[in-house]
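Colleague: After the structure tokens below, expect a handful of questions from me.
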Amino acid sequence: MIVILKKNAEQQQVELFDNWLHSMGLETHKSIGENHTIVGLVGDTSRVDIESIMALDIVETVKRIQEPYKNANRKFHEQDTVITLSNGAKIGGGHFLVMAGPCSVETEEQIISVAQAVKAAGAEVLRGGAFKPRTSPYAFQGLHEEGIRLLLKAREATGLPIVTEIMDAKHLPLFEDIDIIQVGARNMQNFELLKDLGKLRKPVLIKRGMANTLQELLMSAEYVMAGGNDQVILCERGIRTFETATRNTMDLSVIPVLHQFTHLPVVVDPSHATGRWELVAPMALAGAACGADGLMIEVHNDPEHALCDGPQSLRPEKFASMMEKVRAIRPYADRSFTTGEGALG
Ligand code: PEP
Ligand code: MN
């Protein structure tokens, strides 16, 4: 971090500032020019609040050189994070993981039959919402506790670990047996929830908010990691733009960019990104080709009667054919830009 002091900064104030920085464990290097004094801060500046420096009378401008996230930062953790699930499936560091299932859990028959179908096609995690963040309070809100129970039943029947969304920390006791806890796009910056998930020692999948930058997404991961939970998976699920032809705009270039910034696994959700089932396979292939560590795909046995997100749900047979193409494209996925030549496992 570089701080430029005002021309007439009082010497006594400058010393106080210097002492304050040292008390935070930082070294300072001063360069005194004719018009300005430049102070270079050396050390871990991720905990320094840039605004409290900006607010000082003697400060003209501040520039951050180091990113404000540390735990999630590849500079401090060169190797890809690899997360291993209860069925032995892995994600990250060249391991590719597909999570698939309906938007919402509806009935026992539905969730078990979809679980069996996606497993047969090669998915290694079952997704399904029990708590649904719907835009309308009158829309189906999910089966809540019963939905969690049915997901666990589907796990028992198939052995597939479960990923499901939490909307409120007060529901955490219900999530005790859940394998991966999902934080949805609408909750990406629910910092109290993220802090509570930081106390757990189980994987958390954080979806990018529809109007959030990558730095904000990484700061959300940092919230979880700062609590000691380093099993975080990031998910690109499309952002809000001026385009209306698709539900959201799938921002695919974030995959290689995130791989440069962070060691955490990154998955792509083409279902919510496009909103239309016929666009899901092409965009899933694109995600796999540009180096994603996995996919999250909505699959429904009867999309026409789905209680949520039917138009973007693949039928099981369409999902199976998508999986074949994904497997074919995987060896060509390009990750060389992050971890050196031929680094893809
Ligand atoms: C979901 O995964 O069903 C969901 C609600 O996703 P998002 O938070 O990305 O909208
Ligand atoms: Mn959905």
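Letters for chains follow the order of the structure tokens (A, B, ...), residue numbers begin at 1 for each chain, and ligand numbers begin at 1 in the order shown.
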Could you make a table, as CSV, of the residues of chain A that have an atom within 6 Å of an atom of ligand 1, each with its nearest atom pair and distance in Å to one decimal, counting only C-alpha atoms and all ligand atoms, in chain and number order?
Modeller:
```
residue,atom,partner,partner_atom_place_in_ligand_line,distance
A:Cys103,CA,ligand 1,3 (O),4.8
A:Pro133,CA,ligand 1,5 (C),5.9
A:Gly184,CA,ligand 1,8 (O),3.3
A:Ala185,CA,ligand 1,8 (O),3.7
A:Arg186,CA,ligand 1,8 (O),5.8
A:Lys207,CA,ligand 1,9 (O),5.7
A:Arg237,CA,ligand 1,9 (O),5.3
A:His272,CA,ligand 1,9 (O),5.9
```
Colleague: Step one, run DSSP on the backbone; step two, keep only residues of region 27-237 of chain A assigned to strand (DSSP E or B); then write them as a PyMOL selection string.
Modeller: chain A and resi 27-32+37-42+59-63+73+83-84+90-92+95+97-101+104+125-127+129+162-166+180-183+204-207+232-236
Colleague: List all protein, DNA and RNA residues that have at least one atom no more than 9 Å from any atom of ligand 2, counting only C-alpha atoms and all ligand atoms, and write them as a list of chain:residue names.
Modeller: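 Checked against 9 Å with only C-alpha atoms and all ligand atoms; the hits are A:Pro102, A:Cys103, A:Ser104, A:Gly128, A:Gly129, A:Lys132, A:Ser271, A:His272, A:Gly275, A:Glu298, A:Cys308, A:Asp309, A:Gly310, A:Gln312, A:Ser313.
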Colleague: Could you please write out, as a ChimeraX atom specification, every residue of region 48-152 of chain A that DSSP assigns to helix (DSSP H, G or I)?
Modeller: /A:50-54,74-76,108-121,145-152
Colleague: Measuring atom to atom with only C-alpha atoms, identify which of A:His305, A:Pro282, A:Glu146, A:Arg74 is nearest to Val257 (chain A).
Modeller: A:Arg74
Colleague: Choose the residue, out of A:Ala292, A:Leu174, A:Ile4, A:Leu285, that has the smallest atom-to-atom separation from Ile233 (chain A); count only C-alpha atoms.
Modeller: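 The answer is A:Ala292, which sits nearest to Ile233 (chain A).
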Colleague: Need the shell around Pro173 (chain A): protein/DNA/RNA residues with any atom at most 12 Å away, counting only C-alpha atoms. Skip same-chain ones fewer than 3 positions apart. Format as a list in words?
Modeller: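 Counting only the stated atoms, we get Glu145, Ile148, Ile166, Asp168, Ala169, Lys170, Glu176, Asp177, Ile178, Asp196, Leu197 and Leu200 of chain A.
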Colleague: Name all residues at most 8 Å from Pro265 (chain A) (count only C-alpha atoms; drop same-chain ones fewer than 6 positions away) and give them as an MDAnalysis selection string.
Modeller: chainID A and resid 80:82 91:93 232:234 259 292:293
Colleague: Out of A:Leu264, A:Arg335, A:Ile329, A:Val125, which residue has the shortest atom-to-atom distance to Gly291 (chain A) when counting only C-alpha atoms?
Modeller: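 Closest residue, counting only C-alpha atoms: A:Arg335.
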Colleague: Extract, using only C-alpha atoms, all DNA, RNA and protein residues at most 10 Å from Glu317 (chain A), discarding same-chain residues fewer than 5 positions from it, and format them as a VMD selection string.
Modeller: chain A and resid 117 to 118 121 299 301 322 to 323
Colleague: With N, CA and C atoms retained, export the selected residues as an mmCIF file, in the first residue's frame.
Modeller:
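Contents of again_34.cif, freshly written:
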```
data_model
loop_
_atom_site.group_PDB
_atom_site.id
_atom_site.type_symbol
_atom_site.label_atom_id
_atom_site.label_comp_id
_atom_site.auth_asym_id
_atom_site.auth_seq_id
_atom_site.Cartn_x
_atom_site.Cartn_y
_atom_site.Cartn_z
ATOM 1 N N ALA A 117 -30.463 -40.869 -11.922
ATOM 2 C CA ALA A 117 -30.177 -40.565 -13.342
ATOM 3 C C ALA A 117 -28.887 -39.759 -13.479
ATOM 4 N N VAL A 118 -28.692 -38.755 -12.626
ATOM 5 C CA VAL A 118 -27.474 -37.939 -12.803
ATOM 6 C C VAL A 118 -26.237 -38.730 -12.400
ATOM 7 N N ALA A 121 -25.169 -40.835 -15.206
ATOM 8 C CA ALA A 121 -24.547 -40.053 -16.284
ATOM 9 C C ALA A 121 -23.171 -39.529 -15.891
ATOM 10 N N VAL A 299 -31.204 -30.398 -13.413
ATOM 11 C CA VAL A 299 -31.777 -31.536 -14.146
ATOM 12 C C VAL A 299 -33.116 -31.876 -13.495
ATOM 13 N N ASN A 301 -36.777 -34.428 -13.994
ATOM 14 C CA ASN A 301 -37.390 -35.542 -14.722
ATOM 15 C C ASN A 301 -38.608 -35.084 -15.533
ATOM 16 N N MET A 322 -24.956 -34.358 -22.637
ATOM 17 C CA MET A 322 -24.048 -33.241 -22.321
ATOM 18 C C MET A 322 -22.779 -33.751 -21.636
ATOM 19 N N MET A 323 -22.972 -34.699 -20.707
ATOM 20 C CA MET A 323 -21.829 -35.231 -19.952
ATOM 21 C C MET A 323 -20.816 -35.916 -20.878
#
```
Colleague: For Ala281 (chain A), list every protein, DNA or RNA residue within 8 Å, evaluated using only C-alpha atoms, and leave out those in the same chain fewer than 3 positions away; present the list as a ChimeraX atom specification.
Modeller: /A:270,277-278,284-285,319,322
Colleague: Separation of CA of Met225 (chain A) and CA of Ile2 (chain A), in Å?
Modeller: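 Atom-to-atom, CA of Met225 (chain A) and CA of Ile2 (chain A) are spaced 26.2 Å apart.
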Colleague: Pick from A:Val114, A:Ile83, A:Val326, A:Val105: nearest to Ile180 (chain A), with only C-alpha atoms counted?
Modeller: A:Ile83
Colleague: Could you state the separation of CA of Leu160 (chain A) and CA of Ile255 (chain A) in Å, given to one decimal place?
Modeller: 25.9 Å
